[in-house]
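Student: Structure below; questions to follow.
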Amino acid sequence: MVIVVDPYIAGISGDMALCALIDLGADKNKILEGIKKCGKFLPDSTIKKLDFTKIDKHGIQSTSLILEIEENTHERKGSEIKEAIKNSLIELNLSAKAKNFAEGCINSLISAESKVHGIPEESVHFHEASSIDTLIDVIGVAIASDDLKLFEDEIFSMPICVGNGTVSFSHGVMSNPASAILEIFKNSKLIIHGRNAESELTTPTGACILVNLTNSPINYYPSMKIESIGYGAGKKDFEQFSNVLKIVKGLKKNTFDSDSVIVLETNVDDVSGEVLGNLIEKMMNNGAKDAFITHGITKKGRPTNLVKVICDNENYDSLASILIDETGTLGIRVTLSDRIILPRSMHQIKLTFDGKEFDIKYKVSFFQGKSNFKVEFDDLKLVSDFLKKSIRETESLIRKEILKRNVGNGQT
């Protein structure tokens, strides 16, 4: 099965995620009973009313959280919430993946606050996130995801809308998205974007839930046969759009794995071949997945070189800087591209030629029950230079040795 979390229009909060999963088919009573069992772990908070109901949200029939709480505190240490979640997980009979998810959520939240404020994680204090709401959202989503067996499915996220304008919180007013939101998404591959809503559309708890459910961004829906759709309503109302999170479950209609990469490209017409050759090498040494140059003709018949660099979110900033520094370009086009990828694994083997031992790395790929492998070129060249043989001869020699060692082990 494949799951698409779609916060493209209205963003995501903890209660929106929980409500969307219930709307998708999670057992409401199991979730209510589980949450009520765990309320005791935050003794200064009392859940007076907890339920879910169907409402019309700007034309969309969706599920909304009904919650009334009484709290005698306005702040808690992050470690208190973490301890309450850990105790809740002991209380509940959840899978190992659900437990890892819930612990990951609170760890992401604490880590983000620690980095934003420059303090140790054990010193982090929550203000807005100190409410029992945080425990309800995290534990509720863990129970719901377990009930729907989501942790066994492929989960993808559309780009996340964070809103616009300013946010007011315990430390004052700042531009939206707040620093904690940015910090949470910084270490993921997920993509955020804004919209003219003049409001916070993605909350820190919602962000933590999403990055711990998936690290697979998509720009558009995969090929899938839709089985069910869940709509989770947010508390705010907007005239321009329905404040609703969609979660879609379906059958994947192809057998390929996929991921997304960032493509950087720019045209340069005044850079020497030596600089361009060095640029490719520098890009690859700094984390690019691939880099290449295509020759062409632009306006007024002027020859040009189109430089393309494929990278991931982690290396995006540094590679863009190198591209500007090395070429002097005045602009870079940036696109997010989904790609099909075959399952693959890296291996290493020790081989001896003419009395010298070499560590040979090779990549094994799998497709339709068959496997193939390719020797890393740098290792191939090293052996070729030592033996004073051509690359083709050396590759044939190494392949024979690898096949001889790995016959019957399923790698080749």
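Quick note on naming: the chains in the structure tokens go A, B, ... in the order shown, residues restart at 1 in each chain, and ligands are numbered from 1 in order of appearance.
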Within 8 Å of Val138 (chain A), counting only C-alpha atoms, which residues show up once you throw out same-chain ones fewer than 3 positions away? Write them as an NGL selection string, please.
Tutor: :A and (14 or 102 or 105 or 134-135 or 141-142 or 205 or 209)
Student: Just want the 8 Å neighbourhood of region 325-339 of chain A, counted on only C-alpha atoms, with same-chain residues fewer than 4 positions away dropped. Output as an NGL selection string.
Tutor: :A and (218-219 or 258-268 or 271 or 275-276 or 279 or 320-321)
Student: Could you tell me which of A:Asn176, A:Thr63, A:Thr166, A:Asn215 comes closest to Leu190 (chain A) if we count only C-alpha atoms?
Tutor: A:Asn215
Student: With distances taken over only C-alpha atoms, which residue among A:Ile69, A:Leu351, A:Ile85, A:Ile192 lies nearest Lys99 (chain A)?
Tutor: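 Nearest candidate to Lys99 (chain A) out of A:Ile69, A:Leu351, A:Ile85, A:Ile192: A:Ile85.
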Student: Rounded to one decimal, what separation in Å do you get between CA of Phe156 (chain A) and CA of Asp6 (chain A)?
Tutor: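 Answer for the CA of Phe156 (chain A) to CA of Asp6 (chain A) separation: 8.6 Å.
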Student: In Å, how far is it from CA of Gly140 (chain A) to CA of Ala17 (chain A)?
Tutor: 9.3 Å
Student: Would you mind telling me which residue in A:Ile143, A:Glu70, A:Glu122, A:Glu154 lies nearest to Gly39 (chain A) when using only C-alpha atoms?
Tutor: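 Closest candidate: A:Glu70.
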Student: Point out the residue among A:Ala112, A:Ala26, A:Cys19, A:Ile293 with the least atom-to-atom distance to Asp51 (chain A), counting only C-alpha atoms.
Tutor: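 Of all the options, A:Cys19 lies closest to Asp51 (chain A).
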Student: When DSSP works through the backbone of this structure, what residues of region 83-198 of chain A end up as alpha helix (DSSP H), shown as a VMD selection string?
Tutor: chain A and resid 83 to 91 96 to 117 132 to 147 179 to 186
Student: From the list A:Asn313, A:Ser228, A:Ser79, A:Thr203, which residue is nearest Asn107 (chain A) when using only C-alpha atoms?
Tutor: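 So, comparing all the options, the nearest one is A:Ser79.
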Student: A:Pro222, A:Gly232, A:Gly104, A:Gly287: which is nearest Ile22 (chain A), counting only C-alpha atoms?
Tutor: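 Of all the options, A:Gly232 lies closest to Ile22 (chain A).
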Student: Please provide as a list in words all residues within 8 Å of region 8-13 of chain A, with the sequence filter that same-chain residues fewer than 5 positions apart are discarded (counting only C-alpha atoms).
Tutor: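 Contacts, in chain order: Met158, Pro159, Ile160, Cys161, Val162, Gly163, Leu201, Thr202, Thr203, Pro204, Thr205, Gly206, Ala207, Gly234, Phe241, Ser242, Asn243, Val244 and Leu245 of chain A.
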Student: Convert the current residue selection to file output with N, CA and C atoms, as a PDB file, in the first residue's frame.
Tutor:
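Dumped everything to selection.pdb:
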ATOM      1  N   MET A 158       3.422  15.377   0.177  1.00  0.00           N
ATOM      2  CA  MET A 158       3.407  16.507  -0.751  1.00  0.00           C
ATOM      3  C   MET A 158       4.089  17.691  -0.064  1.00  0.00           C
ATOM      4  N   PRO A 159       4.479  18.741  -0.806  1.00  0.00           N
ATOM      5  CA  PRO A 159       5.052  19.937  -0.166  1.00  0.00           C
ATOM      6  C   PRO A 159       4.128  20.478   0.915  1.00  0.00           C
ATOM      7  N   ILE A 160       4.728  20.964   2.003  1.00  0.00           N
ATOM      8  CA  ILE A 160       3.972  21.360   3.190  1.00  0.00           C
ATOM      9  C   ILE A 160       3.780  22.870   3.211  1.00  0.00           C
ATOM     10  N   CYS A 161       2.535  23.303   3.296  1.00  0.00           N
ATOM     11  CA  CYS A 161       2.253  24.735   3.382  1.00  0.00           C
ATOM     12  C   CYS A 161       2.444  25.212   4.820  1.00  0.00           C
ATOM     13  N   VAL A 162       3.282  26.216   5.011  1.00  0.00           N
ATOM     14  CA  VAL A 162       3.549  26.727   6.363  1.00  0.00           C
ATOM     15  C   VAL A 162       2.832  28.048   6.643  1.00  0.00           C
ATOM     16  N   GLY A 163       2.239  28.629   5.600  1.00  0.00           N
ATOM     17  CA  GLY A 163       1.534  29.892   5.801  1.00  0.00           C
ATOM     18  C   GLY A 163       2.426  31.095   5.570  1.00  0.00           C
ATOM     19  N   LEU A 201       0.103  27.821   9.436  1.00  0.00           N
ATOM     20  CA  LEU A 201      -0.658  26.666   8.969  1.00  0.00           C
ATOM     21  C   LEU A 201      -0.039  25.346   9.403  1.00  0.00           C
ATOM     22  N   THR A 202       1.240  25.335   9.686  1.00  0.00           N
ATOM     23  CA  THR A 202       1.904  24.125  10.175  1.00  0.00           C
ATOM     24  C   THR A 202       2.466  24.403  11.558  1.00  0.00           C
ATOM     25  N   THR A 203       2.115  23.550  12.517  1.00  0.00           N
ATOM     26  CA  THR A 203       2.567  23.722  13.898  1.00  0.00           C
ATOM     27  C   THR A 203       3.790  22.854  14.157  1.00  0.00           C
ATOM     28  N   PRO A 204       4.553  23.154  15.207  1.00  0.00           N
ATOM     29  CA  PRO A 204       5.709  22.306  15.527  1.00  0.00           C
ATOM     30  C   PRO A 204       5.337  20.838  15.751  1.00  0.00           C
ATOM     31  N   THR A 205       4.229  20.582  16.444  1.00  0.00           N
ATOM     32  CA  THR A 205       3.833  19.188  16.665  1.00  0.00           C
ATOM     33  C   THR A 205       3.466  18.520  15.345  1.00  0.00           C
ATOM     34  N   GLY A 206       2.744  19.238  14.489  1.00  0.00           N
ATOM     35  CA  GLY A 206       2.416  18.684  13.180  1.00  0.00           C
ATOM     36  C   GLY A 206       3.659  18.387  12.363  1.00  0.00           C
ATOM     37  N   ALA A 207       4.626  19.302  12.406  1.00  0.00           N
ATOM     38  CA  ALA A 207       5.885  19.100  11.677  1.00  0.00           C
ATOM     39  C   ALA A 207       6.623  17.872  12.194  1.00  0.00           C
ATOM     40  N   GLY A 234      -8.670  21.400  10.744  1.00  0.00           N
ATOM     41  CA  GLY A 234      -7.959  22.267  11.672  1.00  0.00           C
ATOM     42  C   GLY A 234      -8.934  23.168  12.400  1.00  0.00           C
ATOM     43  N   PHE A 241      -9.857  28.923   1.452  1.00  0.00           N
ATOM     44  CA  PHE A 241      -9.620  27.483   1.307  1.00  0.00           C
ATOM     45  C   PHE A 241     -10.135  26.734   2.530  1.00  0.00           C
ATOM     46  N   SER A 242     -10.280  25.429   2.375  1.00  0.00           N
ATOM     47  CA  SER A 242     -10.685  24.551   3.476  1.00  0.00           C
ATOM     48  C   SER A 242      -9.460  24.207   4.308  1.00  0.00           C
ATOM     49  N   ASN A 243      -9.529  24.469   5.591  1.00  0.00           N
ATOM     50  CA  ASN A 243      -8.409  24.178   6.476  1.00  0.00           C
ATOM     51  C   ASN A 243      -8.460  22.696   6.864  1.00  0.00           C
ATOM     52  N   VAL A 244      -8.074  21.872   5.904  1.00  0.00           N
ATOM     53  CA  VAL A 244      -8.217  20.419   6.034  1.00  0.00           C
ATOM     54  C   VAL A 244      -6.949  19.733   5.536  1.00  0.00           C
ATOM     55  N   LEU A 245      -6.469  18.760   6.299  1.00  0.00           N
ATOM     56  CA  LEU A 245      -5.353  17.902   5.881  1.00  0.00           C
ATOM     57  C   LEU A 245      -5.926  16.649   5.228  1.00  0.00           C
TER      58      LEU A 245
END
Student: Quick one: everything within 9 Å of Lys49 (chain A), counting only C-alpha atoms, minus sequence neighbours fewer than 4 positions away in the same chain. Send it as a PDB file with C-alpha atoms, in the first residue's frame.
Tutor:
ATOM      1  CA  ILE A  66     -13.480  17.871  20.411  1.00  0.00           C
ATOM      2  CA  LEU A  67     -11.195  18.558  23.367  1.00  0.00           C
ATOM      3  CA  GLU A  68     -11.763  20.261  26.695  1.00  0.00           C
ATOM      4  CA  ILE A  69      -8.877  20.275  29.162  1.00  0.00           C
TER       5      ILE A  69
END
Student: Quick one: residues within 8 Å of region 366-370 of chain A, only C-alpha atoms, excluding same-chain residues fewer than 4 positions away - as a list of chain:residue names?
Tutor: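 The filter keeps A:Leu342, A:Pro343, A:Arg344.
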Student: Residues of the last selection are to be written out with N, CA and C atoms, as a PDB file, in the first residue's frame.
Tutor:
ATOM      1  N   LEU A 342      16.059   1.822  -8.768  1.00  0.00           N
ATOM      2  CA  LEU A 342      16.083   0.380  -8.527  1.00  0.00           C
ATOM      3  C   LEU A 342      16.693   0.113  -7.154  1.00  0.00           C
ATOM      4  N   PRO A 343      16.237  -0.940  -6.485  1.00  0.00           N
ATOM      5  CA  PRO A 343      16.888  -1.327  -5.229  1.00  0.00           C
ATOM      6  C   PRO A 343      18.360  -1.619  -5.493  1.00  0.00           C
ATOM      7  N   ARG A 344      19.202  -1.139  -4.578  1.00  0.00           N
ATOM      8  CA  ARG A 344      20.637  -1.392  -4.763  1.00  0.00           C
ATOM      9  C   ARG A 344      21.328  -1.503  -3.413  1.00  0.00           C
TER      10      ARG A 344
END
Student: Going by DSSP on the backbone, which bits of region 110-353 of chain A are strand (DSSP E)? Write them as a PyMOL selection string, please.
Tutor: chain A and resi 125-126+154-157+160-161+166-169+172-175+192-193+224-233+244-252+257-268+290-297+303-311+333-341+344-353
Student: List the spatial neighbours of Arg399 (chain A) as a VMD selection string - criterion: any atom at most 9 Å away, only C-alpha atoms, same-chain residues fewer than 5 positions off excluded.
Tutor: chain A and resid 373 to 375 394 404
Student: Take the residues from that selection and write them out as a PDB file, in the first residue's frame, keeping C-alpha atoms.
Tutor:
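Below is the file that was written, selection33.pdb:
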ATOM      1  CA  PHE A 373      26.679  -5.336 -10.394  1.00  0.00           C
ATOM      2  CA  LYS A 374      29.076  -2.587 -11.330  1.00  0.00           C
ATOM      3  CA  VAL A 375      32.588  -2.036 -10.026  1.00  0.00           C
ATOM      4  CA  THR A 394      40.789  -5.128 -15.820  1.00  0.00           C
ATOM      5  CA  LYS A 404      33.585 -16.617  -8.387  1.00  0.00           C
TER       6      LYS A 404
END
Student: Which neighbours of Asp290 (chain A) fall inside 9 Å, counting only C-alpha atoms, when residues of the same chain fewer than 4 positions from it are skipped, and could you give them as a compact mmCIF listing (two decimals) with C-alpha atoms, in the first residue's frame?
Tutor:
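Output file around-v4.txt is given in full below:
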# COMPACT_ATOMS: atom_id res chain seq x y z
CA ILE A 280 32.32 18.93 -12.47
CA MET A 283 30.64 19.25 -7.56
CA MET A 284 31.12 15.49 -7.29
CA LYS A 308 23.16 20.61 -14.59
CA VAL A 309 23.76 19.35 -11.08
CA ILE A 310 21.65 16.67 -9.37
CA CYS A 311 21.72 16.74 -5.57
Student: Expressed in Å to a single decimal, how great is the separation between CA of Lys282 (chain A) and CA of Ser318 (chain A)?
Tutor: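 So the two atoms, CA of Lys282 (chain A) and CA of Ser318 (chain A), lie 11.2 Å apart.
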